[in-house]
Amino acid sequence: MALGLLFGVVVLRLGYVQTVGAQRYVAYGEEQRIEPIALPAARGTIFDRNGKDLALSTPAKSVGADPSVISDRAVAARRLARALRLPAGEVASKLGTDSHFVYLARQVDDEVAKRVKDLDIPGVLIFDESARLLPAGDMARSLLGSVDLDNVGVAGLEQRYDDQLAGDPGEYMVERDLEGRTIPGGRHLIDPAEPGDDIVLTIDRGLQYATEGILTEQVRTVGARAGWAAVMDPRTGEVLALANVETDPKTHAVANTGNNLAVTQNFEPGSVNKVITMSGALEEGLVAPDTELQVPDTLHVADHVYGDAHSLPPRMTASQILSRSSNIGTIEIAQRLGMARLDEYLRRFGFGLQTALGLPHEEPGILLDRDNWSGTSIGSIPIGHGISVTAMQMLLAYNTIANDGVYVPPTLLRATFDAAGERHPAEPGEGRRVVSPTTAAQVREMLAQAVTSGTGKAAAIDGYDAAGKTGTARKPQPGGGYRDAQGGYHYVATFAGFIPANDPQVSIIVVIDEPTTSPYAGDVAAPAFANIGRQALRTLRIAPPAASGVGTLPALEEPRVRAQPAAAPSTTTTAPPTTTTVAGATSSPAGANPPATTAASIPARGG
């Protein structure tokens, strides 16, 4: 009886295994035999606003191996090392592991791949990957960034948009025996990877190339350490070009840098910051453009003395104070505004915070809490010292004035295309009002006067009314203070503005770091602004105002700086003119705790 019952249980269990549970056990067995190996996905392409390639992935061969299949690893290592042109010890070390997959060489050329294939070594795999290609060489190098061997973004936009560009990896699955060795005749399945999305930037490739060329030539001409520039549409916040160049201290060659200085470099802005002071005072009704102020030669603030760089009229209007860049007049207006409201307007214009770009290593600038202001802060900060900004932050402040007082967040992304080819437009940023349209219009007129009759004459463009402001500031030195170890000063020269003045469609900032021919922005930054402006007007097909009587777009000089890179757009690059001496006022580089300032201790001409 008991034996019969036991026999019945065995039969029922066998029937279950053969029918109901068969699939489960098959799956369990496969899990024990099948080992997946990740395959990287093809990375999406980065396009400019006109659909031109900026960064793309191209097919490349990689060589891997399953050491468990290779019978004589020492011999295989020697043969593979010769084919791959690698040290034999390095290849032997990789083949000596217990792993079922190792990379021997990544992204090799076709000739190398053929040599390995001809060896016909069981267990050695040649498979397709992708390598990143920049069709225009190092153009926009700091902006685009880079990827590592696994096609993971590690810098710039490649890192910023890595989630969209990377795609989903696939799997290469191999079947192995009970001892863990790959079965040569077993199943080898490939689950293909899903490619990443393509992204379309706001950048114009031709304008980017031209901006880099102009900036490179200007940095070389003025003997500067570095330079950075940005071009934007102030109405939409779209970045049209972003250039960063540095001088090699050994060779003195000027070239694109991998450091995106326009967003990573804090600097004291100097007189370009005076638009914030003036905007706040106009908005609060404390002055009007034609309000006259008594402007003495010097002004005591706490325990320091401020002065202007050269003789100015004893009475000036608010418009003249800004256009002629009077330190004393600006400080007097700031005193009317007061510390609390000045701090409020600095923050309204976006200082002290990162922008919406979200680029790696972007700096927020340095804006002290008002409780930490010193007695001289109300003298220094209004004229652009004792605070630090990035070029992008400052250009966004000028965009606000250009855009009728509305701050529009910056963007570098126009759209993405998914694997199915469907276009997904980028969501526009939400603007916010900073000052009234009336205040913005008044400041625009003042900035136009700064170009026609003030410190920014070298920024003028024939046929167009440009508006903008110079800024010349001494650089703080490591350890504090402004003097270097030899007792000298280093300067940062800035010009920020927009064109046309009465209907701004393009905005530009140029920053020249440590120029040696002249420290003054009117000499070294304003001419580059004009040349970039001419190129931008022509690229964007912005016709001159009808009232100007000029019927053609601005003429461009023949390029004399850089050879055209392979696959780059055919663009005429404006070469900067010879530096022009421009009379005007400069910021006293006072800082948060400035030294006593006298007419003899500050720069002699305008910034």
# chains A, B, ... in the order shown; residues from 1 in each chain; ligands from 1

call {"tool": "residues_around", "arguments": {"residues": "Ser57 in chain A", "least_positions_apart": "6", "cutoff": "8 Å", "atoms": "only C-alpha atoms", "output": "number ranges by chain"}}
result
A: 42-45, 130-133

call {"tool": "closest_residue", "arguments": {"among": "A:Leu95, A:Ile333, A:Val272, A:Leu143", "to": "Val69 in chain A", "atoms": "only C-alpha atoms"}}
result
A:Leu95

call {"tool": "closest_residue", "arguments": {"among": "A:Asp198, A:Asp48, A:Asp404, A:Asp484", "to": "Pro234 in chain A", "atoms": "only C-alpha atoms"}}
result
A:Asp404

call {"tool": "residues_around", "arguments": {"residues": "range 416-418 of chain A", "least_positions_apart": "3", "cutoff": "12 Å", "atoms": "only C-alpha atoms", "output": "JSON, numbers by chain"}}
result
{"A": [43, 44, 45, 46, 47, 48, 49, 51, 161, 163, 164, 165, 166, 167, 194, 195, 196, 197, 198, 199, 200, 201, 202, 412, 413, 421, 422, 423, 424, 425, 426, 427]}

call {"tool": "residues_around", "arguments": {"residues": "Asp66 in chain A", "least_positions_apart": "2", "cutoff": "10 Å", "atoms": "only C-alpha atoms", "output": "PyMOL selection string"}}
result
chain A and resi 64+68-70+95+97-103+122-125+174+181-182

call {"tool": "write_last_selection", "arguments": {"atoms": "N, CA and C atoms", "output": "compact mmCIF listing (two decimals), in the first residue's frame"}}
result
# COMPACT_ATOMS: atom_id res chain seq x y z
N GLY A 64 37.63 42.44 -28.44
CA GLY A 64 37.48 41.87 -27.11
C GLY A 64 37.80 40.38 -27.14
N SER A 68 38.02 32.32 -21.42
CA SER A 68 37.70 30.93 -21.11
C SER A 68 37.70 30.04 -22.35
N VAL A 69 37.59 30.63 -23.54
CA VAL A 69 37.55 29.85 -24.77
C VAL A 69 38.95 29.65 -25.35
N ILE A 70 39.89 30.53 -25.00
CA ILE A 70 41.23 30.50 -25.61
C ILE A 70 42.06 29.40 -24.96
N LEU A 95 44.17 38.67 -20.79
CA LEU A 95 43.71 37.31 -21.07
C LEU A 95 43.85 36.39 -19.86
N THR A 97 42.67 36.87 -16.91
CA THR A 97 41.59 37.05 -15.93
C THR A 97 40.58 35.93 -16.02
N ASP A 98 39.72 35.82 -15.01
CA ASP A 98 38.65 34.83 -14.99
C ASP A 98 37.37 35.34 -15.65
N SER A 99 37.41 36.57 -16.14
CA SER A 99 36.22 37.16 -16.76
C SER A 99 35.87 36.44 -18.05
N HIS A 100 34.59 36.50 -18.41
CA HIS A 100 34.16 35.93 -19.68
C HIS A 100 34.22 36.96 -20.81
N PHE A 101 34.60 38.18 -20.47
CA PHE A 101 34.77 39.18 -21.52
C PHE A 101 35.74 40.25 -21.05
N VAL A 102 36.71 40.56 -21.90
CA VAL A 102 37.62 41.67 -21.64
C VAL A 102 37.82 42.44 -22.94
N TYR A 103 37.96 43.76 -22.81
CA TYR A 103 38.34 44.57 -23.95
C TYR A 103 39.85 44.46 -24.15
N PRO A 122 39.90 31.45 -31.84
CA PRO A 122 38.59 31.24 -31.16
C PRO A 122 38.57 32.00 -29.83
N GLY A 123 37.45 32.66 -29.58
CA GLY A 123 37.30 33.42 -28.34
C GLY A 123 37.66 34.89 -28.48
N VAL A 124 38.24 35.29 -29.61
CA VAL A 124 38.54 36.70 -29.85
C VAL A 124 37.40 37.30 -30.66
N LEU A 125 36.85 38.40 -30.20
CA LEU A 125 35.66 39.00 -30.81
C LEU A 125 36.01 40.36 -31.41
N VAL A 174 26.12 35.16 -24.29
CA VAL A 174 26.87 33.96 -24.66
C VAL A 174 26.44 32.80 -23.78
N ARG A 181 32.80 27.80 -18.93
CA ARG A 181 33.47 28.11 -20.19
C ARG A 181 32.43 28.37 -21.27
N THR A 182 32.73 29.33 -22.15
CA THR A 182 31.82 29.63 -23.24
C THR A 182 31.77 28.45 -24.20

call {"tool": "atom_distance", "arguments": {"atom1": "CA of Ala155 in chain A", "atom2": "CA of Pro360 in chain A"}}
result
6.8 Å

call {"tool": "closest_residue", "arguments": {"among": "A:Ala193, A:Ile328, A:Val287, A:Ser388", "to": "Val301 in chain A", "atoms": "only C-alpha atoms"}}
result
A:Ile328

call {"tool": "residues_around", "arguments": {"residues": "Gln208 in chain A", "least_positions_apart": "4", "cutoff": "12 Å", "atoms": "only C-alpha atoms", "output": "JSON, numbers by chain"}}
result
{"A": [48, 49, 54, 136, 138, 139, 140, 141, 142, 143, 144, 201, 202, 203, 204, 212, 213, 214, 215, 229, 230, 231, 232, 239, 240, 241, 242, 243, 244, 256, 532, 535, 536, 539, 568, 569, 570, 571, 572, 573]}

call {"tool": "select_by_dssp", "arguments": {"residues": "range 93-153 of chain A", "states": "alpha helix (DSSP H)", "output": "number ranges by chain"}}
result
A: 93-95, 110-119, 141-144

call {"tool": "closest_residue", "arguments": {"among": "A:Ala74, A:Leu134, A:Ala60, A:Val305", "to": "Val112 in chain A", "atoms": "only C-alpha atoms"}}
result
A:Ala60

call {"tool": "select_by_dssp", "arguments": {"residues": "range 56-285 of chain A", "states": "strand (DSSP E)", "output": "ChimeraX atom specification"}}
result
/A:56-65,102-108,124-133,146-147,153-155,170-175,188-191,198-201,226-233,238-247,254-256

call {"tool": "residues_around", "arguments": {"residues": "Ala521 in chain A", "least_positions_apart": "4", "cutoff": "8 Å", "atoms": "only C-alpha atoms", "output": "mmCIF file with C-alpha atoms, in the first residue's frame"}}
result
data_model
loop_
_atom_site.group_PDB
_atom_site.id
_atom_site.type_symbol
_atom_site.label_atom_id
_atom_site.label_comp_id
_atom_site.auth_asym_id
_atom_site.auth_seq_id
_atom_site.Cartn_x
_atom_site.Cartn_y
_atom_site.Cartn_z
ATOM 1 C CA THR A 470 32.939 99.599 -21.308
ATOM 2 C CA GLY A 471 34.370 98.164 -18.107
ATOM 3 C CA THR A 472 38.018 98.210 -17.006
ATOM 4 C CA ALA A 493 38.559 94.682 -19.969
ATOM 5 C CA THR A 494 34.896 94.148 -20.880
ATOM 6 C CA PHE A 495 32.423 95.487 -23.404
ATOM 7 C CA ALA A 525 37.250 94.916 -25.971
ATOM 8 C CA ALA A 526 35.099 97.421 -27.897
ATOM 9 C CA GLY A 606 38.587 105.500 -19.867
ATOM 10 C CA GLY A 607 37.214 102.093 -19.339
#

call {"tool": "atom_distance", "arguments": {"atom1": "CA of Ala466 in chain A", "atom2": "CA of Asn531 in chain A"}}
result
12.1 Å

call {"tool": "residues_around", "arguments": {"residues": "Gly285 in chain A", "least_positions_apart": "4", "cutoff": "12 Å", "atoms": "only C-alpha atoms", "output": "PDB file with C-alpha atoms, in the first residue's frame"}}
result
ATOM      1  CA  MET A 278      21.433 103.438 -13.000  1.00  0.00           C
ATOM      2  CA  SER A 279      18.509 101.103 -13.734  1.00  0.00           C
ATOM      3  CA  GLY A 280      17.633 100.857 -10.048  1.00  0.00           C
ATOM      4  CA  ALA A 281      17.746 104.629  -9.533  1.00  0.00           C
ATOM      5  CA  PRO A 289      17.971 110.918 -17.606  1.00  0.00           C
ATOM      6  CA  THR A 291      18.736 115.044 -13.780  1.00  0.00           C
ATOM      7  CA  ILE A 333      23.375 107.995  -7.521  1.00  0.00           C
ATOM      8  CA  ARG A 336      20.466 107.902  -3.227  1.00  0.00           C
ATOM      9  CA  LEU A 337      19.419 104.330  -4.013  1.00  0.00           C
ATOM     10  CA  VAL A 435      12.423  96.962 -14.494  1.00  0.00           C
ATOM     11  CA  SER A 436       9.709  98.780 -16.412  1.00  0.00           C
ATOM     12  CA  THR A 438      10.274 102.986 -19.594  1.00  0.00           C
ATOM     13  CA  THR A 439      13.378 102.417 -17.474  1.00  0.00           C
TER      14      THR A 439
END

call {"tool": "closest_residue", "arguments": {"among": "A:Asp120, A:Asp150, A:Glu332, A:Asp343", "to": "Gln107 in chain A", "atoms": "only C-alpha atoms"}}
result
A:Asp150

call {"tool": "atom_distance", "arguments": {"atom1": "CA of Pro515 in chain A", "atom2": "CA of His252 in chain A"}}
result
13.3 Å
